[in-house]
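Participant: Provided below: entry_27.cif, containing mmCIF, C-alpha atoms and all ligand atoms.
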```cif
data_final
loop_
_atom_site.label_atom_id
_atom_site.label_comp_id
_atom_site.auth_asym_id
_atom_site.auth_seq_id
_atom_site.Cartn_x
_atom_site.Cartn_y
_atom_site.Cartn_z
CA MET A 130 -9.05 14.35 19.94
CA ARG A 131 -7.32 12.08 22.36
CA GLU A 132 -3.67 11.32 22.87
CA PRO A 133 -2.47 8.08 21.32
CA ASP A 134 -2.31 5.20 23.75
CA GLY A 135 0.01 2.93 21.85
CA GLY A 136 1.05 1.86 18.42
CA ARG A 137 3.93 4.25 18.10
CA PHE A 138 6.87 3.95 15.75
CA GLY A 139 9.34 6.29 17.44
CA ALA A 140 7.72 9.72 17.35
CA TYR A 141 5.10 8.63 14.81
CA GLY A 142 1.82 6.72 14.65
CA GLY A 143 -0.56 6.78 17.59
CA ARG A 144 -4.34 6.92 17.68
CA TYR A 145 -5.53 10.49 17.18
CA VAL A 146 -9.23 9.84 16.70
CA PRO A 147 -12.46 11.21 18.19
CA GLU A 148 -13.42 9.73 21.55
CA SER A 149 -16.26 7.82 19.86
CA LEU A 150 -13.83 5.76 17.75
CA ILE A 151 -11.41 4.77 20.52
CA PRO A 152 -13.38 1.62 21.52
CA ALA A 153 -13.70 0.55 17.86
CA CYS A 154 -9.95 0.89 17.28
CA ALA A 155 -9.23 -0.93 20.55
CA ALA A 156 -11.56 -3.78 19.51
CA VAL A 157 -9.82 -4.14 16.14
CA GLU A 158 -6.47 -4.17 17.95
CA SER A 159 -7.37 -6.89 20.43
CA GLU A 160 -9.13 -9.03 17.83
CA PHE A 161 -6.20 -8.74 15.44
CA ARG A 162 -3.74 -9.61 18.21
CA ALA A 163 -5.75 -12.74 19.01
CA ALA A 164 -6.27 -13.73 15.37
CA TRP A 165 -2.63 -13.25 14.43
CA SER A 166 -1.51 -15.71 17.11
CA ASP A 167 -4.33 -18.16 16.28
CA PRO A 168 -3.06 -20.95 13.98
CA GLY A 169 -6.63 -21.49 12.74
CA PHE A 170 -6.93 -17.90 11.52
CA ARG A 171 -3.50 -18.04 9.92
CA ARG A 172 -4.40 -21.30 8.17
CA ASP A 173 -7.67 -19.83 6.82
CA LEU A 174 -5.88 -16.73 5.55
CA ASP A 175 -3.02 -18.70 3.98
CA ARG A 176 -5.54 -20.88 2.22
CA LEU A 177 -7.50 -17.91 0.81
CA LEU A 178 -4.26 -16.30 -0.31
CA ALA A 179 -3.32 -19.52 -2.11
CA VAL A 180 -6.60 -20.62 -3.67
CA HIS A 181 -8.18 -17.21 -4.32
CA ALA A 182 -5.37 -14.68 -4.64
CA GLY A 183 -2.77 -16.88 -6.37
CA ARG A 184 0.02 -16.84 -3.75
CA PRO A 185 2.91 -17.33 -3.61
CA THR A 186 3.60 -14.84 -6.38
CA ALA A 187 6.64 -15.47 -8.55
CA LEU A 188 10.12 -14.03 -8.11
CA THR A 189 11.25 -13.26 -11.66
CA PRO A 190 14.92 -12.69 -12.56
CA ALA A 191 14.84 -9.74 -14.99
CA LEU A 192 17.61 -11.11 -17.18
CA ARG A 193 17.64 -8.67 -20.08
CA LEU A 194 17.24 -5.60 -17.89
CA SER A 195 19.97 -6.92 -15.59
CA ALA A 196 22.34 -7.32 -18.55
CA GLU A 197 21.64 -3.75 -19.70
CA LEU A 198 22.10 -2.24 -16.23
CA GLY A 199 25.03 -4.35 -15.02
CA VAL A 200 23.24 -5.33 -11.81
CA THR A 201 21.22 -8.44 -10.92
CA VAL A 202 17.52 -7.53 -10.75
CA LEU A 203 14.87 -9.79 -9.20
CA LEU A 204 11.21 -8.79 -9.45
CA LYS A 205 8.67 -9.75 -6.77
CA ARG A 206 5.54 -10.13 -8.87
CA GLU A 207 2.57 -8.70 -6.95
CA ASP A 208 1.18 -7.80 -10.38
CA LEU A 209 0.31 -11.50 -10.65
CA ALA A 210 -1.92 -11.47 -7.54
CA HIS A 211 -5.71 -11.53 -8.01
CA THR A 212 -7.14 -8.08 -8.86
CA GLY A 213 -3.69 -7.10 -10.15
CA SER A 214 -1.87 -5.77 -7.11
CA HIS A 215 -0.72 -6.44 -3.54
CA LYS A 216 -3.90 -4.83 -2.13
CA ILE A 217 -5.69 -8.19 -2.04
CA ASN A 218 -3.28 -9.45 0.70
CA ASN A 219 -4.51 -6.82 3.13
CA VAL A 220 -8.22 -6.92 2.30
CA LEU A 221 -8.46 -10.71 2.57
CA GLY A 222 -6.86 -10.44 6.02
CA GLN A 223 -9.18 -7.68 7.16
CA ALA A 224 -12.29 -9.32 5.66
CA LEU A 225 -11.51 -12.54 7.55
CA LEU A 226 -10.95 -10.50 10.70
CA ALA A 227 -14.29 -8.68 10.20
CA ARG A 228 -16.10 -11.98 9.89
CA ARG A 229 -14.35 -13.24 13.04
CA MET A 230 -15.62 -10.13 14.85
CA GLY A 231 -19.17 -10.85 13.70
CA LYS A 232 -19.32 -7.83 11.39
CA THR A 233 -21.48 -7.96 8.27
CA ARG A 234 -20.16 -4.96 6.37
CA LEU A 235 -16.86 -3.51 5.22
CA LEU A 236 -16.32 0.22 4.85
CA ALA A 237 -13.43 1.43 2.73
CA GLU A 238 -11.99 4.59 1.25
CA THR A 239 -10.59 4.61 -2.25
CA GLY A 240 -8.79 7.09 -4.47
CA ALA A 241 -8.19 5.58 -7.88
CA GLY A 242 -10.41 2.66 -6.99
CA GLN A 243 -7.82 -0.10 -6.60
CA HIS A 244 -8.40 -0.58 -2.87
CA GLY A 245 -12.17 -0.26 -3.42
CA VAL A 246 -12.12 -3.02 -6.02
CA ALA A 247 -10.03 -5.25 -3.76
CA THR A 248 -12.39 -4.62 -0.83
CA ALA A 249 -15.45 -5.33 -2.99
CA THR A 250 -13.76 -8.55 -4.11
CA ALA A 251 -13.01 -9.76 -0.57
CA ALA A 252 -16.51 -8.82 0.60
CA ALA A 253 -18.13 -10.79 -2.22
CA LEU A 254 -15.91 -13.79 -1.49
CA LEU A 255 -16.83 -13.85 2.20
CA GLY A 256 -20.48 -12.83 1.86
CA LEU A 257 -20.09 -9.38 3.43
CA ASP A 258 -21.63 -6.07 2.28
CA ALA A 259 -19.21 -3.40 1.09
CA THR A 260 -19.58 0.37 1.13
CA VAL A 261 -16.81 2.30 -0.58
CA PHE A 262 -16.33 6.06 -0.12
CA MET A 263 -14.87 7.83 -3.12
CA GLY A 264 -14.41 11.50 -3.94
CA GLU A 265 -16.67 12.84 -6.70
CA VAL A 266 -13.68 13.91 -8.75
CA ASP A 267 -12.18 10.40 -8.53
CA ILE A 268 -15.54 8.81 -9.42
CA GLU A 269 -15.49 10.78 -12.64
CA ARG A 270 -11.83 10.00 -13.39
CA GLN A 271 -12.09 6.29 -12.58
CA ALA A 272 -15.41 5.26 -14.10
CA LEU A 273 -14.17 1.77 -14.94
CA ASN A 274 -13.22 0.93 -11.35
CA VAL A 275 -16.53 2.36 -10.08
CA PHE A 276 -18.29 -0.02 -12.46
CA ARG A 277 -16.10 -2.92 -11.31
CA MET A 278 -17.00 -2.28 -7.67
CA ARG A 279 -20.71 -2.15 -8.52
CA MET A 280 -20.46 -5.37 -10.56
CA LEU A 281 -18.96 -7.00 -7.46
CA GLY A 282 -21.96 -5.85 -5.44
CA ALA A 283 -20.42 -2.93 -3.55
CA GLU A 284 -22.14 0.37 -2.89
CA VAL A 285 -20.03 3.33 -4.02
CA VAL A 286 -20.79 6.51 -2.09
CA PRO A 287 -19.71 9.83 -3.66
CA VAL A 288 -17.91 12.21 -1.29
CA THR A 289 -18.66 15.85 -2.09
CA GLY A 290 -16.64 17.69 0.57
CA GLY A 291 -13.21 19.32 0.31
CA THR A 292 -11.23 18.56 -2.82
CA ARG A 293 -13.49 15.53 -3.48
CA THR A 294 -10.51 13.14 -3.68
CA LEU A 295 -8.84 10.43 -1.55
CA LYS A 296 -8.10 12.59 1.50
CA ASP A 297 -11.77 13.53 1.83
CA ALA A 298 -12.97 10.00 1.10
CA THR A 299 -10.80 8.74 3.99
CA SER A 300 -12.16 11.38 6.38
CA GLU A 301 -15.72 10.51 5.36
CA ALA A 302 -15.19 6.75 5.80
CA MET A 303 -13.92 7.38 9.35
CA ARG A 304 -16.88 9.67 10.08
CA GLN A 305 -19.35 7.08 8.81
CA TRP A 306 -17.68 4.29 10.78
CA VAL A 307 -18.72 6.07 14.01
CA THR A 308 -22.38 5.67 13.01
CA CYS A 309 -22.24 1.91 12.32
CA VAL A 310 -19.38 0.39 14.36
CA ASP A 311 -21.61 -2.42 15.63
CA GLU A 312 -22.03 -4.03 12.22
CA ALA A 313 -19.18 -2.54 10.18
CA HIS A 314 -15.42 -2.96 10.03
CA TYR A 315 -13.35 -0.15 8.52
CA CYS A 316 -11.05 -1.82 6.00
CA LEU A 317 -8.25 0.73 5.60
CA GLY A 318 -6.12 0.38 2.49
CA SER A 319 -2.56 1.16 3.55
CA VAL A 320 -0.16 1.35 6.52
CA MET A 321 -1.76 4.53 7.82
CA GLY A 322 -4.62 5.58 10.05
CA PRO A 323 -4.92 5.08 13.82
CA HIS A 324 -3.31 2.19 15.69
CA PRO A 325 -3.58 -0.77 15.01
CA TYR A 326 -3.92 -0.15 11.24
CA PRO A 327 -0.29 0.70 10.34
CA TRP A 328 0.91 -2.36 12.24
CA MET A 329 -1.93 -4.67 11.17
CA VAL A 330 -1.75 -3.78 7.46
CA ARG A 331 2.03 -4.25 7.53
CA GLU A 332 1.54 -7.70 9.05
CA PHE A 333 -1.01 -8.62 6.36
CA GLN A 334 1.46 -7.42 3.69
CA ARG A 335 4.48 -9.12 5.28
CA VAL A 336 3.71 -12.15 3.11
CA ILE A 337 5.37 -10.25 0.23
CA GLY A 338 8.66 -9.88 2.12
CA ASP A 339 8.59 -13.33 3.72
CA GLU A 340 8.08 -15.03 0.37
CA ALA A 341 10.68 -12.84 -1.32
CA ARG A 342 13.24 -13.59 1.39
CA ARG A 343 12.87 -17.35 0.82
CA GLN A 344 12.83 -16.95 -2.94
CA CYS A 345 15.95 -14.74 -2.88
CA ALA A 346 17.73 -17.35 -0.75
CA ALA A 347 17.08 -19.92 -3.49
CA GLU A 348 18.06 -17.55 -6.30
CA LEU A 349 21.13 -15.66 -5.01
CA PRO A 350 24.51 -17.05 -3.88
CA THR A 351 24.48 -14.34 -1.17
CA ALA A 352 20.89 -15.29 -0.16
CA VAL A 353 20.03 -11.66 0.63
CA PRO A 354 20.03 -8.92 -2.04
CA ASP A 355 22.17 -5.81 -1.54
CA TYR A 356 19.18 -3.52 -2.18
CA VAL A 357 15.44 -3.91 -1.61
CA ILE A 358 13.34 -1.34 -3.49
CA ALA A 359 9.60 -0.62 -3.44
CA CYS A 360 7.35 2.32 -4.32
CA VAL A 361 5.62 4.19 -1.50
CA GLY A 362 2.17 5.77 -1.50
CA GLY A 363 0.87 5.18 2.02
CA GLY A 364 3.58 2.55 2.07
CA SER A 365 1.96 -0.87 2.41
CA ASN A 366 3.73 -2.81 -0.35
CA ALA A 367 7.03 -1.32 0.81
CA ALA A 368 6.34 -2.05 4.50
CA GLY A 369 5.39 -5.66 3.70
CA THR A 370 8.49 -6.09 1.56
CA PHE A 371 10.84 -4.44 4.11
CA ALA A 372 9.43 -6.60 6.93
CA GLY A 373 10.91 -9.68 5.29
CA PHE A 374 14.40 -8.12 5.26
CA ALA A 375 14.38 -6.27 8.59
CA GLY A 376 17.05 -8.44 10.20
CA THR A 377 19.38 -8.46 7.20
CA GLY A 378 22.01 -6.11 5.85
CA ALA A 379 19.94 -5.25 2.78
CA GLN A 380 19.63 -1.53 2.05
CA LEU A 381 15.94 -0.67 2.09
CA ILE A 382 14.83 2.00 -0.37
CA GLY A 383 11.33 3.49 -0.64
CA VAL A 384 10.50 5.44 -3.79
CA GLU A 385 7.99 8.27 -3.47
CA ALA A 386 6.34 10.18 -6.31
CA GLU A 387 7.68 13.70 -6.56
CA GLY A 388 4.21 15.24 -6.12
CA GLY A 389 3.50 13.12 -3.04
CA ALA A 390 6.93 12.96 -1.45
CA ALA A 391 6.07 13.33 2.23
CA VAL A 392 9.56 12.46 3.49
CA ALA A 393 11.39 14.80 1.10
CA PHE A 394 8.99 17.74 1.17
CA GLY A 395 6.71 17.21 4.18
CA ARG A 396 6.73 18.00 7.90
CA ALA A 397 5.46 16.08 10.91
CA GLY A 398 1.76 16.51 11.56
CA VAL A 399 -1.44 14.61 12.27
CA LEU A 400 -3.97 13.42 9.68
CA HIS A 401 -6.50 10.58 9.60
CA GLY A 402 -5.66 9.44 13.12
CA PHE A 403 -1.85 9.18 12.95
CA ARG A 404 1.25 11.33 13.21
CA SER A 405 3.75 11.25 10.36
CA TYR A 406 5.35 13.31 7.64
CA LEU A 407 2.66 15.16 5.69
CA LEU A 408 2.68 17.63 2.82
CA GLN A 409 1.48 20.90 4.35
CA ASP A 410 1.22 24.57 3.47
CA GLU A 411 2.75 27.28 5.65
CA ASN A 412 -0.35 27.23 7.91
CA GLY A 413 -0.12 23.50 8.56
CA GLN A 414 -3.03 22.70 6.23
CA VAL A 415 -2.47 19.36 4.51
CA THR A 416 -2.07 19.94 0.79
CA GLU A 417 -3.03 17.71 -2.11
CA ALA A 418 -0.61 15.29 -3.69
CA HIS A 419 -0.29 15.00 -7.48
CA SER A 420 1.22 12.09 -9.34
CA ILE A 421 0.77 10.39 -12.68
CA ALA A 422 0.32 7.23 -10.57
CA PRO A 423 -3.04 7.42 -8.78
CA GLY A 424 -1.92 5.07 -5.99
CA LEU A 425 0.89 7.44 -4.99
CA ASP A 426 -1.44 10.45 -4.72
CA TYR A 427 -1.48 10.58 -0.91
CA PRO A 428 -0.06 13.59 0.98
CA GLY A 429 1.29 11.46 3.86
CA ILE A 430 3.37 8.37 4.47
CA GLY A 431 2.81 5.54 6.94
CA PRO A 432 4.27 6.25 10.41
CA GLU A 433 6.62 3.27 10.34
CA HIS A 434 8.28 4.68 7.22
CA ALA A 435 8.74 8.06 8.94
CA HIS A 436 10.51 6.22 11.74
CA LEU A 437 12.58 4.01 9.40
CA ASN A 438 13.68 7.21 7.68
CA ASP A 439 14.66 9.04 10.88
CA SER A 440 16.49 6.01 12.26
CA GLY A 441 18.38 5.57 8.99
CA ARG A 442 17.25 1.94 8.52
CA ALA A 443 15.54 2.83 5.24
CA ARG A 444 16.14 5.56 2.73
CA TYR A 445 13.43 7.43 0.79
CA VAL A 446 14.04 8.78 -2.67
CA VAL A 447 11.95 10.68 -5.20
CA VAL A 448 11.01 10.03 -8.82
CA GLY A 449 9.19 12.54 -11.03
CA ASP A 450 6.39 11.84 -13.52
CA ALA A 451 8.75 12.33 -16.48
CA GLU A 452 10.88 9.31 -15.55
CA VAL A 453 7.95 6.96 -15.09
CA ILE A 454 6.69 6.28 -18.61
CA PRO A 455 10.17 5.52 -19.99
CA ALA A 456 10.54 3.06 -17.10
CA VAL A 457 7.26 1.35 -18.03
CA ARG A 458 8.43 1.07 -21.62
CA ARG A 459 11.86 -0.22 -20.63
CA LEU A 460 10.47 -3.02 -18.44
CA ALA A 461 7.82 -3.90 -21.02
CA ARG A 462 10.41 -4.25 -23.79
CA THR A 463 13.12 -6.04 -21.83
CA GLU A 464 10.98 -8.38 -19.72
CA GLY A 465 7.51 -8.53 -21.29
CA ILE A 466 5.95 -7.01 -18.17
CA LEU A 467 3.77 -3.87 -18.16
CA PRO A 468 4.06 -2.56 -14.59
CA ALA A 469 1.58 -0.25 -12.88
CA LEU A 470 2.66 3.41 -12.95
CA GLU A 471 3.17 3.18 -9.17
CA SER A 472 5.53 0.22 -9.49
CA ALA A 473 7.32 1.93 -12.38
CA HIS A 474 8.57 4.54 -9.89
CA ALA A 475 10.69 1.81 -8.27
CA ILE A 476 11.94 0.70 -11.68
CA ALA A 477 12.72 4.30 -12.67
CA TRP A 478 14.88 4.82 -9.58
CA LEU A 479 16.64 1.49 -10.19
CA ILE A 480 17.48 2.54 -13.75
CA ARG A 481 18.70 5.98 -12.66
CA ALA A 482 20.81 4.60 -9.81
CA ALA A 483 22.34 1.81 -11.89
CA GLU A 484 23.15 4.10 -14.83
CA SER A 485 24.68 6.78 -12.61
CA GLY A 486 26.87 4.24 -10.81
CA GLU A 487 25.12 4.85 -7.48
CA LEU A 488 24.43 1.11 -7.46
CA PRO A 489 27.85 -0.54 -7.82
CA PRO A 490 28.09 -2.85 -10.87
CA GLY A 491 27.32 -6.43 -9.87
CA SER A 492 24.93 -5.42 -7.07
CA THR A 493 21.91 -7.60 -6.41
CA VAL A 494 18.56 -5.84 -6.26
CA LEU A 495 15.07 -6.95 -5.33
CA VAL A 496 12.28 -4.74 -6.67
CA THR A 497 8.66 -5.25 -5.63
CA LEU A 498 6.35 -4.79 -8.59
CA SER A 499 3.27 -3.73 -6.66
CA GLY A 500 0.82 -4.09 -9.55
CA ARG A 501 0.15 -4.55 -13.24
CA GLY A 502 -0.25 -1.76 -15.73
CA ASP A 503 -3.54 -2.65 -17.39
CA LYS A 504 -5.38 0.00 -15.36
CA ASP A 505 -3.02 2.68 -16.67
CA MET A 506 -3.37 2.08 -20.41
CA ALA A 507 -5.53 5.20 -20.96
CA THR A 508 -2.89 7.37 -19.23
CA LEU A 509 -0.15 5.75 -21.31
CA MET A 510 -2.10 6.23 -24.55
CA GLU A 511 -2.60 9.94 -23.77
CA ALA A 512 1.09 10.34 -22.98
CA SER A 513 2.43 8.59 -26.10
C1 LIG B 601 -2.38 1.36 -4.07
C2 LIG B 601 -1.17 1.02 -4.85
C3 LIG B 601 0.11 1.45 -4.44
C4 LIG B 601 0.37 2.35 -3.26
O1 LIG B 601 0.00 1.83 -2.03
P1 LIG B 601 1.04 1.41 -0.91
O2 LIG B 601 0.20 1.31 0.31
O3 LIG B 601 2.08 2.48 -0.82
O4 LIG B 601 1.63 0.11 -1.31
C5 LIG B 601 1.21 1.03 -5.18
N1 LIG B 601 1.07 0.26 -6.27
C6 LIG B 601 -0.15 -0.16 -6.70
C7 LIG B 601 -0.23 -1.02 -7.91
C8 LIG B 601 -1.30 0.20 -6.00
O5 LIG B 601 -2.50 -0.22 -6.44
#
```
Let me see whether you can do it: turn the structure in this file into structure tokens.
Ligand SMILES: *Cc1c(COP(=O)(O)O)cnc(C)c1O

Facilitator:
Amino acid sequence: MREPDGGRFGAYGGRYVPESLIPACAAVESEFRAAWSDPGFRRDLDRLLAVHAGRPTALTPALRLSAELGVTVLLKREDLAHTGSHKINNVLGQALLARRMGKTRLLAETGAGQHGVATATAAALLGLDATVFMGEVDIERQALNVFRMRMLGAEVVPVTGGTRTLKDATSEAMRQWVTCVDEAHYCLGSVMGPHPYPWMVREFQRVIGDEARRQCAAELPTAVPDYVIACVGGGSNAAGTFAGFAGTGAQLIGVEAEGGAAVAFGRAGVLHGFRSYLLQDENGQVTEAHSIAPGLDYPGIGPEHAHLNDSGRARYVVVGDAEVIPAVRRLARTEGILPALESAHAIAWLIRAAESGELPPGSTVLVTLSGRGDKDMATLMEAS
């Protein structure tokens, strides 16, 4: 392991990777830095986001829910993006970057399969190969997404070590990257991992917050909402949303799943190349997260969120499984929108906070709906 040489958010982040991966991370960093200040790259990405992914996504005033709760709720509709969530924003950016670096293959980890499907989609679009590492347990649980990835031409590699879930799939993807760095780019799925990933993925997701900021300005007399709320797994949809409101007075609120609440129940430690809050046992072993929402099943949180928490700029709250399904039903019946179980965590906290008076009546609230609920219908059927 080597000490981090940059990419810190306060005491968090860094680049804690084996010596053999330092040059690969440094190459991604310098290429991203160049691409992000290259108007040609930005134009290509903006065009793909528009013509392939369906951006800008809508900002929907949730009128009936607002009337019930006594606050003004605006929904940023990432559920309307291609492949059904915000993940496409990041993978299109990284796939374009990979092509710019002359790479022919994307490697990715996936838990529930959402990031794997998005990666397979971007790879197909740009004519790249895709190899997706997935724990054996998750492969069994998420057969439909495995089939989707294979239909899109990706190779899905079962990971048999450890608990055979997302944590092990991520470790294996990083191990395999060492063996093929010349032709492969590691397309990481959230604001985690070694520098530059937490920064780069946040920049690729900033489009959510930048669009929402403009859309809120057109929709609200105050231009900026009082509260900005998003669910947090690794934290990419929240980081992208928050980035658009960094210089405002909006209160930023990240909602973690109770069984994966790294800020509430974790301690600082190092995993997958970065330092942040992690769920750990008394010996410092990272423990498994459990949530009804597969995308929130990660035992850590992106390093920028750890820093936003410590500095007080953002606040992190917790929602349990039991509150999530009623929140799905409430949004479905008031607004005609079936949110992903992950996104429903943000809605559940909104409902709780509005009904308890924690959100003053008349407040304005932006909620990022990170994805659509179609993928969760089997879970919902079992629970009803
Ligand atoms: C993956 C996923 C998440 C969690 O990822 P973040 O990096 O925390 O945004 C949230 N919602 C949906 C719909 C997802 O697919």

Participant: Restricting the calculation to all atoms listed in the file: of A:His324, A:Arg229, A:His474, A:Arg331, which residue gets closest to A:Gly383?

Facilitator: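 Closest to A:Gly383, using all atoms listed in the file: A:His474.
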
Participant: Given the choices A:Ala375, A:Ala473, A:Val361, A:Val494, which gets closest to A:Arg335 if the distance is worked out from all atoms listed in the file?

Facilitator: A:Ala375

Participant: Looking at A:His314, A:His244, A:His419, A:Arg162, which one is nearest to ligand LIG 601 (chain B), with distances taken over only C-alpha atoms and all ligand atoms?

Facilitator: A:His244

Participant: Between atom CA of A:Glu207 and atom O4 of ligand LIG 601 (chain B), what is the distance in Å, rounded to a tenth?

Facilitator: 10.5 Å

Participant: Taking only residues of stretch 252-285 of chain A that have an atom at most 10 Å from an atom of stretch 297-310 of chain A, what is each one's shortest atom pair and its distance in Å to one decimal, using all atoms listed in the file, in chain and number order, as a tab-separated table?

Facilitator:
```
residue	atom	partner	partner_atom	distance
A:Thr260	CA	A:Ala302	CA	9.0
A:Val261	CA	A:Ala302	CA	7.9
A:Phe262	CA	A:Ala298	CA	5.3
A:Met263	CA	A:Ala298	CA	5.1
A:Gly264	CA	A:Ala298	CA	5.5
A:Glu265	CA	A:Ala298	CA	9.1
A:Asp267	CA	A:Ala298	CA	9.7
```

Participant: Can you write just those residues out, C-alpha atoms, as a PDB file, in the frame of the given file?

Facilitator:
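Generated output (out.pdb):
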```pdb
ATOM      1  CA  THR A 260     -19.580   0.370   1.130  1.00  0.00           C
ATOM      2  CA  VAL A 261     -16.810   2.300  -0.580  1.00  0.00           C
ATOM      3  CA  PHE A 262     -16.330   6.060  -0.120  1.00  0.00           C
ATOM      4  CA  MET A 263     -14.870   7.830  -3.120  1.00  0.00           C
ATOM      5  CA  GLY A 264     -14.410  11.500  -3.940  1.00  0.00           C
ATOM      6  CA  GLU A 265     -16.670  12.840  -6.700  1.00  0.00           C
ATOM      7  CA  ASP A 267     -12.180  10.400  -8.530  1.00  0.00           C
TER       8      ASP A 267
END
```

Participant: Enumerate as a ChimeraX atom specification the residues within 7 Å of ligand LIG 601 (chain B), counting only C-alpha atoms and all ligand atoms.

Facilitator: /A:214-216,243-244,318-320,360-367,424-425,469,471-472,499-501

Participant: Taking all atoms listed in the file into account, which of A:Gly402, A:Gly169, A:Gly213, A:Pro455 comes nearest A:Pro147?

Facilitator: A:Gly402

Participant: Find, counting all atoms listed in the file, the residue in A:Asp175, A:Asp355, A:Glu148, A:Asp450 that gets nearest to A:Trp478.

Facilitator: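 Going through A:Asp175, A:Asp355, A:Glu148, A:Asp450 one by one, the smallest distance to A:Trp478 is for A:Asp450.
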
Participant: Considering only C-alpha atoms, state which residue in the set A:Val285, A:Ala379, A:Ala475, A:Ile466 is at the smallest distance from A:Arg193.

Facilitator: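 Comparing A:Val285, A:Ala379, A:Ala475, A:Ile466 against A:Arg193, the winner is A:Ile466.
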
Participant: Which value, in Å to one decimal, gives the distance between atom CA of A:Tyr406 and atom CA of A:Val357?

Facilitator: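 Going from atom CA of A:Tyr406 over to atom CA of A:Val357, I get 22.0 Å.
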
Participant: Would you compute the distance between atom CA of A:Leu295 and atom CA of A:Glu238? Give it in Å to one decimal.

Facilitator: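 Atom-to-atom, atom CA of A:Leu295 and atom CA of A:Glu238 are spaced 7.2 Å apart.
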
Participant: Residues near A:Ala227, anyone? I mean within 9 Å using all atoms listed in the file, not counting same-chain ones fewer than 3 positions away, as a list in words.

Facilitator: Val157, Gly222, Gln223, Ala224, Met230, Gly231, Lys232, Thr233, Arg234, Leu235, Leu257, Ala313, His314, Tyr315 and Cys316 of chain A

Participant: Could you name the residues that touch A:Ala451 at 12 Å or less, counting only C-alpha atoms, but leaving out those on the same chain fewer than 4 positions away, as a PDB file with C-alpha atoms, in the frame of the given file?

Facilitator:
```pdb
ATOM      1  CA  ALA A 386       6.340  10.180  -6.310  1.00  0.00           C
ATOM      2  CA  GLU A 387       7.680  13.700  -6.560  1.00  0.00           C
ATOM      3  CA  GLY A 388       4.210  15.240  -6.120  1.00  0.00           C
ATOM      4  CA  SER A 420       1.220  12.090  -9.340  1.00  0.00           C
ATOM      5  CA  ILE A 421       0.770  10.390 -12.680  1.00  0.00           C
ATOM      6  CA  ALA A 422       0.320   7.230 -10.570  1.00  0.00           C
ATOM      7  CA  VAL A 447      11.950  10.680  -5.200  1.00  0.00           C
ATOM      8  CA  PRO A 455      10.170   5.520 -19.990  1.00  0.00           C
ATOM      9  CA  ALA A 456      10.540   3.060 -17.100  1.00  0.00           C
ATOM     10  CA  VAL A 457       7.260   1.350 -18.030  1.00  0.00           C
ATOM     11  CA  LEU A 470       2.660   3.410 -12.950  1.00  0.00           C
ATOM     12  CA  ALA A 473       7.320   1.930 -12.380  1.00  0.00           C
ATOM     13  CA  HIS A 474       8.570   4.540  -9.890  1.00  0.00           C
ATOM     14  CA  ALA A 477      12.720   4.300 -12.670  1.00  0.00           C
ATOM     15  CA  TRP A 478      14.880   4.820  -9.580  1.00  0.00           C
ATOM     16  CA  ALA A 512       1.090  10.340 -22.980  1.00  0.00           C
TER      17      ALA A 512
END
```
